[in-house]
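Data file: entry05.txt. Format and content: compact mmCIF, C-alpha atoms.
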# COMPACT_ATOMS: atom_id res chain seq x y z
CA MET A 22 325.56 255.21 172.48
CA SER A 23 326.79 252.95 169.70
CA TYR A 24 327.66 254.82 166.52
CA THR A 25 328.50 253.72 163.00
CA VAL A 26 330.43 256.13 160.79
CA ASN A 27 329.21 256.79 157.27
CA ALA A 28 332.53 256.85 155.44
CA SER A 29 330.97 257.96 152.17
CA ILE A 30 330.27 261.45 153.56
CA LEU A 31 332.91 261.55 156.32
CA LEU A 32 336.68 261.13 155.94
CA THR A 33 336.40 261.82 152.22
CA ASP A 34 339.82 263.47 152.19
CA LEU A 35 341.15 259.91 152.32
CA PRO A 36 341.05 257.33 149.54
CA LEU A 37 338.10 254.96 149.86
CA LEU A 38 340.13 251.99 151.03
CA GLU A 39 341.88 253.97 153.78
CA ARG A 40 338.68 255.11 155.44
CA PRO A 41 337.80 251.93 157.37
CA ALA A 42 341.16 252.08 159.16
CA ALA A 43 340.62 255.78 159.86
CA VAL A 44 337.25 254.99 161.40
CA LYS A 45 338.93 252.46 163.68
CA ALA A 46 341.70 254.90 164.55
CA ALA A 47 339.06 257.46 165.53
CA GLY A 48 337.72 255.03 168.11
CA PHE A 49 334.76 253.48 166.31
CA ASP A 50 334.13 249.81 165.59
CA ALA A 51 331.48 250.18 162.90
CA VAL A 52 331.23 251.74 159.47
CA GLU A 53 328.60 252.17 156.77
CA PHE A 54 328.89 253.17 153.13
CA TRP A 55 326.81 254.39 150.26
CA TRP A 56 327.47 252.26 147.18
CA PRO A 57 331.25 252.69 146.81
CA TRP A 58 331.43 252.54 143.02
CA SER A 59 330.05 254.41 140.01
CA VAL A 60 328.60 251.27 138.40
CA ALA A 61 326.18 248.61 139.58
CA ILE A 62 328.60 245.76 138.89
CA PRO A 63 332.19 246.70 139.79
CA GLU A 64 335.23 244.67 138.93
CA GLN A 65 335.84 241.75 141.26
CA SER A 66 339.23 243.20 142.13
CA GLU A 67 337.51 246.36 143.40
CA ILE A 68 335.16 244.30 145.55
CA GLU A 69 338.09 242.34 146.98
CA GLY A 70 339.89 245.56 147.85
CA PHE A 71 336.84 246.96 149.62
CA VAL A 72 336.13 243.79 151.57
CA GLY A 73 339.78 243.45 152.51
CA ALA A 74 340.02 247.05 153.72
CA ILE A 75 337.11 246.54 156.11
CA GLN A 76 338.39 243.20 157.35
CA ASP A 77 341.92 244.50 157.82
CA ALA A 78 340.67 247.53 159.76
CA GLY A 79 338.74 245.33 162.17
CA VAL A 80 335.49 247.24 161.81
CA GLN A 81 331.98 245.94 161.19
CA LEU A 82 330.20 247.00 158.01
CA THR A 83 326.78 247.71 159.51
CA GLY A 84 325.17 249.13 156.40
CA LEU A 85 325.59 249.32 152.64
CA ASN A 86 323.53 251.11 150.01
CA PHE A 87 322.39 249.49 146.83
CA PHE A 88 323.63 251.17 143.65
CA ALA A 89 321.74 254.46 143.31
CA GLY A 90 322.80 255.67 139.87
CA ASP A 91 325.03 258.71 139.33
CA MET A 92 324.69 260.36 142.74
CA PRO A 93 327.04 263.31 141.99
CA ALA A 94 324.89 264.09 138.94
CA GLY A 95 321.73 264.04 141.04
CA ASP A 96 320.42 260.47 140.76
CA ARG A 97 318.82 259.14 143.93
CA GLY A 98 318.19 255.46 143.37
CA LEU A 99 316.98 252.87 140.89
CA VAL A 100 314.21 251.22 142.88
CA SER A 101 311.42 252.99 140.97
CA TRP A 102 313.35 253.70 137.76
CA VAL A 103 311.44 252.09 134.91
CA GLY A 104 313.89 250.74 132.34
CA ARG A 105 316.71 249.98 134.76
CA GLU A 106 315.13 246.96 136.44
CA ASP A 107 317.79 244.55 135.25
CA GLU A 108 320.58 246.81 136.51
CA PHE A 109 319.07 247.11 139.97
CA ARG A 110 318.39 243.40 140.27
CA ALA A 111 321.90 242.49 139.14
CA ASN A 112 323.24 244.85 141.78
CA VAL A 113 321.18 243.08 144.44
CA ASP A 114 323.22 239.94 143.84
CA VAL A 115 326.49 241.85 144.29
CA VAL A 116 325.25 243.56 147.45
CA VAL A 117 324.14 240.26 148.97
CA ALA A 118 327.51 238.66 148.19
CA ILE A 119 329.35 241.50 149.96
CA GLY A 120 326.94 241.38 152.88
CA GLU A 121 327.44 237.67 153.26
CA ARG A 122 331.21 238.04 153.46
CA LEU A 123 331.15 240.92 155.93
CA GLY A 124 328.18 240.02 158.10
CA THR A 125 326.21 243.08 157.05
CA LYS A 126 322.51 243.09 157.89
CA ALA A 127 321.12 246.44 156.69
CA PHE A 128 320.94 247.56 153.06
CA ASN A 129 319.62 250.96 152.00
CA ALA A 130 317.58 251.14 148.78
CA LEU A 131 317.13 254.72 147.59
CA TYR A 132 313.75 255.01 145.90
CA GLY A 133 314.60 257.10 142.84
CA LEU A 134 313.39 260.35 141.31
CA ARG A 135 310.12 260.77 139.48
CA GLN A 136 310.65 260.24 135.75
CA GLU A 137 309.03 262.36 133.10
CA GLY A 138 306.88 260.42 130.67
CA VAL A 139 306.25 257.52 133.06
CA SER A 140 303.23 257.41 135.32
CA ALA A 141 303.75 257.65 139.05
CA GLN A 142 301.75 254.44 139.43
CA ALA A 143 304.06 252.53 137.11
CA GLN A 144 307.08 253.76 139.03
CA ASP A 145 305.55 252.91 142.39
CA ASP A 146 304.44 249.48 141.19
CA LEU A 147 307.98 248.76 140.03
CA ALA A 148 309.37 249.97 143.35
CA VAL A 149 307.16 247.53 145.23
CA GLU A 150 308.42 244.70 143.02
CA ASN A 151 312.06 245.71 143.36
CA LEU A 152 311.88 246.17 147.12
CA ALA A 153 310.33 242.72 147.42
CA ILE A 154 313.10 241.20 145.33
CA ALA A 155 315.74 242.91 147.43
CA GLY A 156 313.98 241.96 150.65
CA ARG A 157 313.81 238.29 149.74
CA ALA A 158 317.48 238.31 148.75
CA VAL A 159 318.80 239.86 151.96
CA ALA A 160 316.46 237.73 154.06
CA GLU A 161 318.84 234.86 153.28
CA LEU A 162 321.41 236.76 155.38
CA GLY A 163 318.94 237.59 158.13
CA GLY A 164 319.02 241.13 156.78
CA ILE A 165 316.68 244.03 156.17
CA VAL A 166 316.16 246.51 153.36
CA LEU A 167 315.97 250.15 154.43
CA LEU A 168 313.73 252.74 152.78
CA GLU A 169 314.75 256.34 153.38
CA PRO A 170 312.92 259.65 153.08
CA VAL A 171 315.36 262.12 151.49
CA SER A 172 315.56 265.91 151.33
CA GLY A 173 317.12 268.21 148.76
CA ALA A 174 315.63 266.55 145.68
CA ASP A 175 312.19 267.83 144.72
CA ALA A 176 311.54 264.92 142.36
CA TYR A 177 312.21 262.33 145.09
CA PRO A 178 308.72 261.29 146.18
CA VAL A 179 309.56 259.72 149.55
CA LYS A 180 309.94 262.74 151.81
CA THR A 181 308.26 261.82 155.08
CA ALA A 182 308.09 258.80 157.33
CA ALA A 183 304.46 258.35 156.30
CA ASP A 184 305.50 258.18 152.64
CA ALA A 185 308.00 255.42 153.37
CA LEU A 186 305.70 253.50 155.69
CA ALA A 187 302.95 253.45 153.07
CA ILE A 188 305.32 251.85 150.56
CA ILE A 189 306.56 249.37 153.16
CA GLU A 190 302.95 248.40 153.85
CA ARG A 191 302.34 247.82 150.12
CA VAL A 192 305.37 245.54 149.88
CA ARG A 193 304.14 243.54 152.85
CA ASP A 194 300.51 243.34 151.72
CA GLU A 195 301.08 242.75 147.99
CA GLN A 196 304.32 240.79 148.00
CA GLY A 197 304.33 239.13 151.41
CA VAL A 198 307.78 240.55 152.20
CA ASP A 199 308.07 241.89 155.72
CA ASN A 200 311.74 242.81 156.14
CA ILE A 201 311.56 246.32 154.65
CA ARG A 202 312.16 248.95 157.34
CA LEU A 203 312.11 252.72 157.69
CA LEU A 204 315.49 254.43 157.73
CA ALA A 205 314.82 257.33 160.07
CA ASP A 206 317.33 259.98 159.04
CA PHE A 207 316.47 262.72 161.49
CA TYR A 208 318.11 265.39 159.33
CA HIS A 209 316.16 264.57 156.18
CA LEU A 210 312.89 264.20 158.07
CA ALA A 211 313.34 267.52 159.87
CA VAL A 212 314.39 269.44 156.76
CA ASN A 213 311.35 268.06 154.93
CA GLY A 214 309.09 269.37 157.68
CA ASP A 215 308.13 266.04 159.21
CA ASP A 216 307.25 265.93 162.91
CA VAL A 217 310.27 263.92 164.02
CA ALA A 218 309.20 263.69 167.65
CA ALA A 219 305.86 262.23 166.56
CA VAL A 220 307.56 259.80 164.18
CA VAL A 221 309.80 258.63 167.00
CA ALA A 222 306.89 258.32 169.42
CA GLY A 223 304.83 256.32 166.97
CA HIS A 224 307.36 254.15 165.19
CA ALA A 225 310.69 253.89 167.04
CA ALA A 226 310.42 250.14 167.51
CA GLU A 227 309.90 249.75 163.75
CA PHE A 228 312.98 251.74 162.71
CA GLY A 229 315.48 249.72 160.74
CA HIS A 230 318.18 252.34 161.27
CA ILE A 231 318.73 255.88 162.49
CA GLN A 232 321.06 258.41 160.88
CA ILE A 233 321.82 261.90 162.17
CA ALA A 234 323.09 265.28 161.09
CA ASP A 235 322.18 268.70 162.44
CA ALA A 236 320.17 271.37 160.67
CA PRO A 237 320.57 273.80 159.17
CA GLY A 238 323.74 272.85 157.34
CA ARG A 239 323.94 269.06 157.74
CA GLY A 240 326.90 269.41 160.07
CA GLU A 241 327.87 267.64 163.28
CA PRO A 242 325.44 267.46 166.20
CA GLY A 243 325.61 270.82 167.95
CA THR A 244 326.17 272.87 164.80
CA GLY A 245 322.44 273.39 164.29
CA ASP A 246 319.33 273.40 166.41
CA LEU A 247 317.87 269.90 166.14
CA PRO A 248 317.33 268.06 169.47
CA LEU A 249 319.16 264.99 168.19
CA ALA A 250 320.18 263.62 171.59
CA GLN A 251 316.57 263.80 172.79
CA TRP A 252 315.21 262.11 169.68
CA ILE A 253 317.78 259.31 170.00
CA ALA A 254 317.00 258.82 173.69
CA ASP A 255 313.29 258.76 172.96
CA ALA A 256 313.80 256.26 170.13
CA GLN A 257 315.75 253.97 172.43
CA ALA A 258 313.09 254.29 175.12
CA GLY A 259 310.53 253.42 172.45
CA GLY A 260 312.26 250.18 171.49
CA TYR A 261 314.98 251.08 168.97
CA GLU A 262 317.98 248.86 169.66
CA GLY A 263 320.24 249.54 166.69
CA VAL A 264 323.27 251.73 166.11
CA VAL A 265 323.10 255.39 165.10
CA GLY A 266 324.67 256.32 161.80
CA LEU A 267 326.82 259.46 161.66
CA GLU A 268 325.99 260.88 158.24
CA TYR A 269 326.96 264.53 158.34
CA LYS A 270 329.34 266.94 156.65
CA ALA A 271 332.34 267.71 158.83
CA THR A 272 332.79 271.39 159.68
CA GLN A 273 336.04 271.12 161.66
CA ALA A 274 339.35 269.29 161.49
CA ASP A 275 338.23 266.61 163.94
CA PRO A 276 334.81 265.51 162.72
CA PHE A 277 334.19 263.52 165.90
CA ALA A 278 335.20 266.09 168.54
CA TRP A 279 331.56 266.57 169.49
CA THR A 280 331.35 262.99 170.77
CA ALA A 281 333.86 263.72 173.53
CA ALA A 282 331.87 266.76 174.61
CA THR A 283 328.68 264.70 174.59
CA ALA A 284 330.27 261.98 176.71
CA GLN A 285 331.32 264.56 179.30
CA ALA A 286 327.89 266.21 179.43

Please go through the file and, once you have read it, give me the structure as structure tokens.
Amino acid sequence: MSYTVNASILLTDLPLLERPAAVKAAGFDAVEFWWPWSVAIPEQSEIEGFVGAIQDAGVQLTGLNFFAGDMPAGDRGLVSWVGREDEFRANVDVVVAIGERLGTKAFNALYGLRQEGVSAQAQDDLAVENLAIAGRAVAELGGIVLLEPVSGADAYPVKTAADALAIIERVRDEQGVDNIRLLADFYHLAVNGDDVAAVVAGHAAEFGHIQIADAPGRGEPGTGDLPLAQWIADAQAGGYEGVVGLEYKATQADPFAWTAATAQA
């Protein structure tokens, strides 16, 4: 199994720029991040520090989120956020520039919460436009845009695989952009009540990425009751060839101890 460590939720006791080296020291060669900064357009010196930390650590940046707003305050993306189009599109340019330097191919675009006073149709229409813009931009790198169902935010409208796949189909049919892919986060899908086994059986070959955490609790595999190993094996048998993102909240001092136990099983 090839894993990539999400160093925006793991190793957070360390400063941002020390985490890539910690990922390498833990025995992994790949890392992914949510957007590392609180603004869409960070200072160039901050970008240089981030890029340098990954290069110096000798890890591959397999995934990077687009700017998603104020995540600690509850924001969950700008893709459908009417009135922040320019901010999202300016961020696309920054993301592509980082991806080009680091060889990154997968970029996660959080959809955004439903806004009061704006019709759902207007928000969804904007999302289709923004996803197409992002898709065309990362296509220059041979990349894909990921669309993720998310739990824990009632106003986030993309909760199931079917929700995401319907939007992806709109982008393809209306905009002619075909490099938008489902991010199958097994934790979010399960918590939202989706039939994960059925999603895997029907769409594994179409997954752009897989992320895992156990439920309840969003801890390491083995801390809950989700059949994560089976779902991963089934996805691989169904044609998924990518890495698996570790995106969970550590519950013990060594957040990766479970991998040794899994390897011995």

Where does stretch 171-200 of chain A meet stretch 126-150 of chain A within 10 Å, residue by residue, with the nearest atom pair and distance in Å to one decimal for each, counting all atoms listed in the file, listed by chain and rising number, as JSON lines?
{"residue": "A:Val171", "atom": "CA", "partner": "A:Leu131", "partner_atom": "CA", "distance": 8.6}
{"residue": "A:Ala174", "atom": "CA", "partner": "A:Leu134", "partner_atom": "CA", "distance": 7.9}
{"residue": "A:Asp175", "atom": "CA", "partner": "A:Leu134", "partner_atom": "CA", "distance": 8.3}
{"residue": "A:Ala176", "atom": "CA", "partner": "A:Leu134", "partner_atom": "CA", "distance": 5.0}
{"residue": "A:Tyr177", "atom": "CA", "partner": "A:Leu134", "partner_atom": "CA", "distance": 4.4}
{"residue": "A:Pro178", "atom": "CA", "partner": "A:Leu134", "partner_atom": "CA", "distance": 6.8}
{"residue": "A:Val179", "atom": "CA", "partner": "A:Tyr132", "partner_atom": "CA", "distance": 7.3}
{"residue": "A:Ala185", "atom": "CA", "partner": "A:Tyr132", "partner_atom": "CA", "distance": 9.4}
{"residue": "A:Ile188", "atom": "CA", "partner": "A:Val149", "partner_atom": "CA", "distance": 7.1}
{"residue": "A:Ile189", "atom": "CA", "partner": "A:Val149", "partner_atom": "CA", "distance": 8.2}
{"residue": "A:Glu190", "atom": "CA", "partner": "A:Val149", "partner_atom": "CA", "distance": 9.6}
{"residue": "A:Arg191", "atom": "CA", "partner": "A:Val149", "partner_atom": "CA", "distance": 6.9}
{"residue": "A:Val192", "atom": "CA", "partner": "A:Val149", "partner_atom": "CA", "distance": 5.4}
{"residue": "A:Arg193", "atom": "CA", "partner": "A:Val149", "partner_atom": "CA", "distance": 9.1}
{"residue": "A:Glu195", "atom": "CA", "partner": "A:Val149", "partner_atom": "CA", "distance": 8.2}
{"residue": "A:Gln196", "atom": "CA", "partner": "A:Glu150", "partner_atom": "CA", "distance": 7.5}
{"residue": "A:Val198", "atom": "CA", "partner": "A:Val149", "partner_atom": "CA", "distance": 9.9}

Who sits within 8 Å of stretch 267-276 of chain A, only C-alpha atoms, same chain under 6 positions skipped, as an NGL selection string: :A and (24-27 or 30-31 or 232-235 or 239-241)

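Between A:Gly84 and the candidates A:Leu186, A:Ala155, A:Leu167, A:Ala47, the tightest atom-to-atom separation, counting all atoms listed in the file, involves A:Leu167.
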
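Between atom CA of A:Asp255 and atom CA of A:Leu168 the separation is 21.1 Å.
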
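With atom CA of A:Val44 on one side and atom CA of A:Asn112 on the other, the separation reads 26.2 Å.
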
For a test of reading the model, state the distance in Å between atom CA of A:Glu67 and atom CA of A:Pro93, rounded to one decimal.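 These atoms are spaced 20.0 Å apart.
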
Shell around A:Ile165 at 12 Å using all atoms listed in the file, local window under 6 positions removed, as a compact mmCIF listing (two decimals) with C-alpha atoms, in the frame of the given file:
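Listed below is the output, part-v8.txt:
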# COMPACT_ATOMS: atom_id res chain seq x y z
CA THR A 83 326.78 247.71 159.51
CA GLY A 84 325.17 249.13 156.40
CA LEU A 85 325.59 249.32 152.64
CA ASN A 86 323.53 251.11 150.01
CA VAL A 117 324.14 240.26 148.97
CA GLY A 120 326.94 241.38 152.88
CA THR A 125 326.21 243.08 157.05
CA LYS A 126 322.51 243.09 157.89
CA ALA A 127 321.12 246.44 156.69
CA PHE A 128 320.94 247.56 153.06
CA ASN A 129 319.62 250.96 152.00
CA ALA A 130 317.58 251.14 148.78
CA LEU A 152 311.88 246.17 147.12
CA ALA A 153 310.33 242.72 147.42
CA ILE A 154 313.10 241.20 145.33
CA ALA A 155 315.74 242.91 147.43
CA GLY A 156 313.98 241.96 150.65
CA ARG A 157 313.81 238.29 149.74
CA ALA A 158 317.48 238.31 148.75
CA VAL A 159 318.80 239.86 151.96
CA ILE A 189 306.56 249.37 153.16
CA VAL A 198 307.78 240.55 152.20
CA ASP A 199 308.07 241.89 155.72
CA ASN A 200 311.74 242.81 156.14
CA ILE A 201 311.56 246.32 154.65
CA ARG A 202 312.16 248.95 157.34
CA LEU A 203 312.11 252.72 157.69
CA LEU A 204 315.49 254.43 157.73
CA GLU A 227 309.90 249.75 163.75
CA PHE A 228 312.98 251.74 162.71
CA GLY A 229 315.48 249.72 160.74
CA HIS A 230 318.18 252.34 161.27

For stretch 23-34 of chain A, I'd like the enclosing box, axis-aligned and padded by 8 Å on every side, reported as lines of an AutoDock Vina configuration file with centre and edge lengths in Å to one decimal.
center_x = 333.3
center_y = 258.2
center_z = 160.9
size_x = 29.0
size_y = 26.5
size_z = 33.5

A:Trp279, A:Phe109, A:Trp55, A:Phe207: which is nearest A:Val265, counting only C-alpha atoms?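 Ranking A:Trp279, A:Phe109, A:Trp55, A:Phe207 by distance to A:Val265, first place goes to A:Phe207.
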
Name the closest residue to A:Val72 among the candidates A:Pro57, A:Pro237, A:Gly104, A:Gly48; distances are taken between atoms, counting all atoms listed in the file. A:Pro57

Could N, CA and C atoms be built for stretch 115-150 of chain A and written out as a compact mmCIF listing (two decimals), keeping the file's coordinate frame?
# COMPACT_ATOMS: atom_id res chain seq x y z
N VAL A 115 325.17 241.42 143.85
CA VAL A 115 326.49 241.85 144.29
C VAL A 115 326.44 242.30 145.75
N VAL A 116 325.41 243.06 146.08
CA VAL A 116 325.25 243.56 147.45
C VAL A 116 325.14 242.39 148.43
N VAL A 117 324.33 241.42 148.09
CA VAL A 117 324.14 240.26 148.97
C VAL A 117 325.46 239.51 149.16
N ALA A 118 326.23 239.37 148.09
CA ALA A 118 327.51 238.66 148.19
C ALA A 118 328.47 239.39 149.13
N ILE A 119 328.50 240.72 149.05
CA ILE A 119 329.35 241.50 149.96
C ILE A 119 328.84 241.37 151.39
N GLY A 120 327.52 241.49 151.54
CA GLY A 120 326.94 241.38 152.88
C GLY A 120 327.21 240.05 153.53
N GLU A 121 327.18 239.00 152.73
CA GLU A 121 327.44 237.67 153.26
C GLU A 121 328.87 237.55 153.77
N ARG A 122 329.80 238.13 153.06
CA ARG A 122 331.21 238.04 153.46
C ARG A 122 331.52 238.87 154.69
N LEU A 123 330.80 239.98 154.86
CA LEU A 123 331.15 240.92 155.93
C LEU A 123 330.15 240.93 157.08
N GLY A 124 329.14 240.08 157.01
CA GLY A 124 328.18 240.02 158.10
C GLY A 124 327.27 241.22 158.20
N THR A 125 327.05 241.88 157.08
CA THR A 125 326.21 243.08 157.05
C THR A 125 324.74 242.68 157.03
N LYS A 126 323.92 243.45 157.75
CA LYS A 126 322.51 243.09 157.89
C LYS A 126 321.54 244.15 157.38
N ALA A 127 322.02 245.35 157.09
CA ALA A 127 321.12 246.44 156.69
C ALA A 127 321.57 247.02 155.35
N PHE A 128 320.62 247.16 154.43
CA PHE A 128 320.94 247.56 153.06
C PHE A 128 319.94 248.62 152.61
N ASN A 129 320.46 249.80 152.29
CA ASN A 129 319.62 250.96 152.00
C ASN A 129 319.32 251.05 150.51
N ALA A 130 318.03 251.07 150.18
CA ALA A 130 317.58 251.14 148.78
C ALA A 130 316.94 252.50 148.51
N LEU A 131 317.70 253.42 147.92
CA LEU A 131 317.13 254.72 147.59
C LEU A 131 316.07 254.56 146.50
N TYR A 132 314.96 255.25 146.69
CA TYR A 132 313.75 255.01 145.90
C TYR A 132 313.90 255.43 144.44
N GLY A 133 314.49 256.58 144.21
CA GLY A 133 314.60 257.10 142.84
C GLY A 133 313.73 258.31 142.62
N LEU A 134 314.13 259.14 141.66
CA LEU A 134 313.39 260.35 141.31
C LEU A 134 312.22 260.03 140.39
N ARG A 135 311.22 260.89 140.43
CA ARG A 135 310.12 260.77 139.48
C ARG A 135 310.63 261.01 138.06
N GLN A 136 310.21 260.16 137.15
CA GLN A 136 310.65 260.24 135.75
C GLN A 136 309.56 260.89 134.90
N GLU A 137 309.97 261.77 134.04
CA GLU A 137 309.03 262.36 133.10
C GLU A 137 308.62 261.32 132.07
N GLY A 138 307.36 261.33 131.70
CA GLY A 138 306.88 260.42 130.67
C GLY A 138 306.51 259.04 131.16
N VAL A 139 306.64 258.81 132.46
CA VAL A 139 306.25 257.52 133.06
C VAL A 139 305.31 257.82 134.21
N SER A 140 304.21 257.12 134.27
CA SER A 140 303.23 257.41 135.32
C SER A 140 303.80 257.11 136.70
N ALA A 141 303.33 257.89 137.67
CA ALA A 141 303.75 257.65 139.05
C ALA A 141 303.35 256.24 139.49
N GLN A 142 302.19 255.78 139.04
CA GLN A 142 301.75 254.44 139.43
C GLN A 142 302.70 253.37 138.91
N ALA A 143 303.13 253.52 137.67
CA ALA A 143 304.06 252.53 137.11
C ALA A 143 305.37 252.52 137.88
N GLN A 144 305.84 253.69 138.27
CA GLN A 144 307.08 253.76 139.03
C GLN A 144 306.90 253.15 140.42
N ASP A 145 305.78 253.45 141.05
CA ASP A 145 305.55 252.91 142.39
C ASP A 145 305.33 251.40 142.35
N ASP A 146 304.64 250.93 141.32
CA ASP A 146 304.44 249.48 141.19
C ASP A 146 305.78 248.76 141.02
N LEU A 147 306.66 249.35 140.21
CA LEU A 147 307.98 248.76 140.03
C LEU A 147 308.76 248.78 141.33
N ALA A 148 308.65 249.87 142.08
CA ALA A 148 309.37 249.97 143.35
C ALA A 148 308.94 248.87 144.31
N VAL A 149 307.65 248.60 144.36
CA VAL A 149 307.16 247.53 145.23
C VAL A 149 307.77 246.19 144.82
N GLU A 150 307.82 245.94 143.51
CA GLU A 150 308.42 244.70 143.02
C GLU A 150 309.90 244.62 143.37
